[in-house]
>>> print(open('run.pdb').read())   # PDB, C-alpha atoms
ATOM      1  CA  MET A  95     -52.876  32.515 127.659  1.00  0.00           C
ATOM      2  CA  SER A  96     -52.547  35.833 125.883  1.00  0.00           C
ATOM      3  CA  THR A  97     -49.211  36.569 124.228  1.00  0.00           C
ATOM      4  CA  ARG A  98     -49.189  39.657 126.446  1.00  0.00           C
ATOM      5  CA  ASP A  99     -48.853  37.328 129.463  1.00  0.00           C
ATOM      6  CA  THR A 100     -46.118  35.229 127.861  1.00  0.00           C
ATOM      7  CA  PRO A 101     -42.600  35.766 129.200  1.00  0.00           C
ATOM      8  CA  ALA A 102     -40.018  37.151 126.779  1.00  0.00           C
ATOM      9  CA  GLN A 103     -37.608  34.336 127.697  1.00  0.00           C
ATOM     10  CA  ILE A 104     -38.424  30.707 128.493  1.00  0.00           C
ATOM     11  CA  GLY A 105     -35.940  28.372 130.122  1.00  0.00           C
ATOM     12  CA  ASP A 106     -32.804  28.006 128.011  1.00  0.00           C
ATOM     13  CA  LEU A 107     -34.576  28.858 124.751  1.00  0.00           C
ATOM     14  CA  PRO A 108     -33.287  31.792 122.716  1.00  0.00           C
ATOM     15  CA  SER A 109     -35.350  34.964 122.564  1.00  0.00           C
ATOM     16  CA  LEU A 110     -37.948  34.130 119.899  1.00  0.00           C
ATOM     17  CA  GLY A 111     -40.732  36.617 120.371  1.00  0.00           C
ATOM     18  CA  ARG A 112     -43.909  36.275 122.325  1.00  0.00           C
ATOM     19  CA  PRO A 113     -46.067  34.474 119.701  1.00  0.00           C
ATOM     20  CA  ALA A 114     -43.494  31.690 119.294  1.00  0.00           C
ATOM     21  CA  ASN A 115     -42.883  31.512 123.041  1.00  0.00           C
ATOM     22  CA  SER A 116     -46.620  31.246 123.653  1.00  0.00           C
ATOM     23  CA  ALA A 117     -46.952  28.445 121.095  1.00  0.00           C
ATOM     24  CA  LEU A 118     -44.047  26.505 122.599  1.00  0.00           C
ATOM     25  CA  LEU A 119     -45.381  26.955 126.134  1.00  0.00           C
ATOM     26  CA  GLN A 120     -48.814  25.697 125.095  1.00  0.00           C
ATOM     27  CA  ALA A 121     -47.114  22.648 123.563  1.00  0.00           C
ATOM     28  CA  GLY A 122     -45.210  22.052 126.821  1.00  0.00           C
ATOM     29  CA  ILE A 123     -41.824  22.873 125.269  1.00  0.00           C
ATOM     30  CA  THR A 124     -39.633  24.914 127.607  1.00  0.00           C
ATOM     31  CA  THR A 125     -36.083  23.667 126.999  1.00  0.00           C
ATOM     32  CA  LEU A 126     -33.731  23.136 124.070  1.00  0.00           C
ATOM     33  CA  ALA A 127     -33.623  19.427 124.903  1.00  0.00           C
ATOM     34  CA  GLN A 128     -37.397  19.308 124.371  1.00  0.00           C
ATOM     35  CA  VAL A 129     -37.056  21.285 121.128  1.00  0.00           C
ATOM     36  CA  ALA A 130     -34.471  18.737 119.925  1.00  0.00           C
ATOM     37  CA  SER A 131     -37.016  15.938 120.327  1.00  0.00           C
ATOM     38  CA  HIS A 132     -39.131  17.505 117.572  1.00  0.00           C
ATOM     39  CA  GLY A 133     -38.550  18.287 113.931  1.00  0.00           C
ATOM     40  CA  PRO A 134     -38.738  21.791 112.496  1.00  0.00           C
ATOM     41  CA  GLY A 135     -41.730  20.786 110.368  1.00  0.00           C
ATOM     42  CA  GLU A 136     -43.625  19.739 113.467  1.00  0.00           C
ATOM     43  CA  LEU A 137     -42.783  22.996 115.258  1.00  0.00           C
ATOM     44  CA  LEU A 138     -43.845  25.041 112.231  1.00  0.00           C
ATOM     45  CA  THR A 139     -47.358  23.635 112.625  1.00  0.00           C
ATOM     46  CA  LEU A 140     -47.657  25.521 115.924  1.00  0.00           C
ATOM     47  CA  HIS A 141     -49.461  28.831 115.453  1.00  0.00           C
ATOM     48  CA  GLY A 142     -46.864  31.518 116.192  1.00  0.00           C
ATOM     49  CA  VAL A 143     -43.772  29.526 115.231  1.00  0.00           C
ATOM     50  CA  GLY A 144     -42.361  30.611 111.886  1.00  0.00           C
ATOM     51  CA  PRO A 145     -39.179  30.203 109.858  1.00  0.00           C
ATOM     52  CA  ARG A 146     -37.315  32.837 111.910  1.00  0.00           C
ATOM     53  CA  ALA A 147     -38.035  30.984 115.170  1.00  0.00           C
ATOM     54  CA  ILE A 148     -36.865  27.725 113.577  1.00  0.00           C
ATOM     55  CA  ARG A 149     -33.587  29.354 112.460  1.00  0.00           C
ATOM     56  CA  LEU A 150     -32.994  30.747 115.960  1.00  0.00           C
ATOM     57  CA  LEU A 151     -33.809  27.416 117.586  1.00  0.00           C
ATOM     58  CA  GLU A 152     -31.560  25.528 115.174  1.00  0.00           C
ATOM     59  CA  ALA A 153     -28.647  27.890 115.907  1.00  0.00           C
ATOM     60  CA  ALA A 154     -29.186  27.511 119.662  1.00  0.00           C
ATOM     61  CA  LEU A 155     -29.332  23.725 119.321  1.00  0.00           C
ATOM     62  CA  LYS A 156     -26.048  23.695 117.378  1.00  0.00           C
ATOM     63  CA  GLU A 157     -24.369  25.825 120.064  1.00  0.00           C
ATOM     64  CA  ARG A 158     -25.295  23.123 122.588  1.00  0.00           C
ATOM     65  CA  GLY A 159     -24.256  20.249 120.335  1.00  0.00           C
ATOM     66  CA  LEU A 160     -27.882  19.275 119.732  1.00  0.00           C
ATOM     67  CA  GLU A 161     -29.979  18.993 116.593  1.00  0.00           C
ATOM     68  CA  PHE A 162     -33.581  18.407 115.637  1.00  0.00           C
ATOM     69  CA  THR A 163     -34.513  14.729 115.888  1.00  0.00           C
ATOM     70  CA  ASP A 164     -36.261  14.820 112.533  1.00  0.00           C
ATOM     71  CA  PRO A 165     -34.631  17.404 110.252  1.00  0.00           C
ATOM     72  CA  SER A 166     -37.637  17.637 107.929  1.00  0.00           C
TER      73      SER A 166
END
>>> encode(input="run.pdb", output="structure tokens")
Amino acid sequence: MSTRDTPAQIGDLPSLGRPANSALLQAGITTLAQVASHGPGELLTLHGVGPRAIRLLEAALKERGLEFTDPS
């Protein structure tokens, strides 16, 4: 899937940018609950997910009372 074909918004995830959205989609991650089952370090290994995306995801998780399973 080209990032051009990636939606700007996926499920209840915050707006991250198309490269990060594409990486999460390819990993089968489409909800904050699924994000919470991973650690930021694991998500950073996905091509397209960088520190900014992690900060946005962490803030969205906190708003929902969730957190990364593995904080490393």
>>> atom_distance(input="run.pdb", atom1="atom CA of Gly111 of chain A", atom2="atom CA of Thr163 of chain A")
23.2 Å
>>> residues_around(input="run.pdb", residues="segment 118-126 of chain A", least_positions_apart="2", cutoff="7 Å", atoms="all atoms listed in the file", output="list in words")
Ile104, Gly105, Asp106, Leu107, Ala114, Asn115, Ser116, Gln128, Val129, Ala130 and Leu155 of chain A
>>> resolve_selection(input="run.pdb", expression="the PyMOL selection byres ((chain A and resi 140) around 9)", output="PyMOL selection string")
chain A and resi 114+117-118+121+136-139+141-144
>>> atom_distance(input="run.pdb", atom1="atom CA of Ser109 of chain A", atom2="atom CA of Leu150 of chain A")
8.2 Å
>>> axis_aligned_box(input="run.pdb", around="segment 134-153 of chain A", padding_each_side="6 Å", output="AutoDock Vina command-line options")
--center_x -39.1 --center_y 26.3 --center_z 113.7 --size_x 32.8 --size_y 25.1 --size_z 19.7
>>> atom_distance(input="run.pdb", atom1="atom CA of Gly159 of chain A", atom2="atom CA of Arg112 of chain A")
25.4 Å
>>> closest_residue(input="run.pdb", among="A:Glu161, A:Gln103, A:Pro108, A:Ala147", to="Gly133 of chain A", atoms="all atoms listed in the file")
A:Glu161
>>> build_atoms(input="run.pdb", residues="segment 107-129 of chain A", atoms="N, CA and C atoms", output="mmCIF file, in the frame of the given file")
data_model
loop_
_atom_site.group_PDB
_atom_site.id
_atom_site.type_symbol
_atom_site.label_atom_id
_atom_site.label_comp_id
_atom_site.auth_asym_id
_atom_site.auth_seq_id
_atom_site.Cartn_x
_atom_site.Cartn_y
_atom_site.Cartn_z
ATOM 1 N N LEU A 107 -34.273 28.561 126.148
ATOM 2 C CA LEU A 107 -34.576 28.858 124.751
ATOM 3 C C LEU A 107 -34.075 30.250 124.391
ATOM 4 N N PRO A 108 -33.696 30.448 123.138
ATOM 5 C CA PRO A 108 -33.287 31.792 122.716
ATOM 6 C C PRO A 108 -34.503 32.717 122.699
ATOM 7 N N SER A 109 -34.269 33.998 122.643
ATOM 8 C CA SER A 109 -35.350 34.964 122.564
ATOM 9 C C SER A 109 -36.003 34.850 121.186
ATOM 10 N N LEU A 110 -37.264 34.415 121.157
ATOM 11 C CA LEU A 110 -37.948 34.130 119.899
ATOM 12 C C LEU A 110 -39.057 35.119 119.574
ATOM 13 N N GLY A 111 -39.551 35.793 120.546
ATOM 14 C CA GLY A 111 -40.732 36.617 120.371
ATOM 15 C C GLY A 111 -41.906 35.962 121.075
ATOM 16 N N ARG A 112 -42.809 36.787 121.510
ATOM 17 C CA ARG A 112 -43.909 36.275 122.325
ATOM 18 C C ARG A 112 -44.833 35.279 121.607
ATOM 19 N N PRO A 113 -45.197 35.475 120.330
ATOM 20 C CA PRO A 113 -46.067 34.474 119.701
ATOM 21 C C PRO A 113 -45.443 33.070 119.670
ATOM 22 N N ALA A 114 -44.170 32.995 119.325
ATOM 23 C CA ALA A 114 -43.494 31.690 119.294
ATOM 24 C C ALA A 114 -43.353 31.122 120.705
ATOM 25 N N ASN A 115 -42.990 31.974 121.654
ATOM 26 C CA ASN A 115 -42.883 31.512 123.041
ATOM 27 C C ASN A 115 -44.215 30.971 123.544
ATOM 28 N N SER A 116 -45.289 31.682 123.231
ATOM 29 C CA SER A 116 -46.620 31.246 123.653
ATOM 30 C C SER A 116 -46.963 29.891 123.050
ATOM 31 N N ALA A 117 -46.666 29.715 121.766
ATOM 32 C CA ALA A 117 -46.952 28.445 121.095
ATOM 33 C C ALA A 117 -46.159 27.305 121.720
ATOM 34 N N LEU A 118 -44.883 27.546 121.993
ATOM 35 C CA LEU A 118 -44.047 26.505 122.599
ATOM 36 C C LEU A 118 -44.523 26.176 124.009
ATOM 37 N N LEU A 119 -44.866 27.196 124.786
ATOM 38 C CA LEU A 119 -45.381 26.955 126.134
ATOM 39 C C LEU A 119 -46.649 26.110 126.099
ATOM 40 N N GLN A 120 -47.560 26.452 125.204
ATOM 41 C CA GLN A 120 -48.814 25.697 125.095
ATOM 42 C C GLN A 120 -48.558 24.253 124.693
ATOM 43 N N ALA A 121 -47.475 24.007 123.956
ATOM 44 C CA ALA A 121 -47.114 22.648 123.563
ATOM 45 C C ALA A 121 -46.287 21.946 124.642
ATOM 46 N N GLY A 122 -45.986 22.648 125.734
ATOM 47 C CA GLY A 122 -45.210 22.052 126.821
ATOM 48 C C GLY A 122 -43.720 22.020 126.557
ATOM 49 N N ILE A 123 -43.245 22.845 125.637
ATOM 50 C CA ILE A 123 -41.824 22.873 125.269
ATOM 51 C C ILE A 123 -41.182 24.084 125.928
ATOM 52 N N THR A 124 -40.264 23.824 126.865
ATOM 53 C CA THR A 124 -39.633 24.914 127.607
ATOM 54 C C THR A 124 -38.108 24.836 127.635
ATOM 55 N N THR A 125 -37.538 23.810 127.005
ATOM 56 C CA THR A 125 -36.083 23.667 126.999
ATOM 57 C C THR A 125 -35.592 23.285 125.602
ATOM 58 N N LEU A 126 -34.321 23.539 125.353
ATOM 59 C CA LEU A 126 -33.731 23.136 124.070
ATOM 60 C C LEU A 126 -33.746 21.621 123.904
ATOM 61 N N ALA A 127 -33.575 20.889 124.986
ATOM 62 C CA ALA A 127 -33.623 19.427 124.903
ATOM 63 C C ALA A 127 -34.992 18.975 124.401
ATOM 64 N N GLN A 128 -36.057 19.648 124.845
ATOM 65 C CA GLN A 128 -37.397 19.308 124.371
ATOM 66 C C GLN A 128 -37.563 19.711 122.909
ATOM 67 N N VAL A 129 -37.009 20.851 122.530
ATOM 68 C CA VAL A 129 -37.056 21.285 121.128
ATOM 69 C C VAL A 129 -36.381 20.230 120.254
#
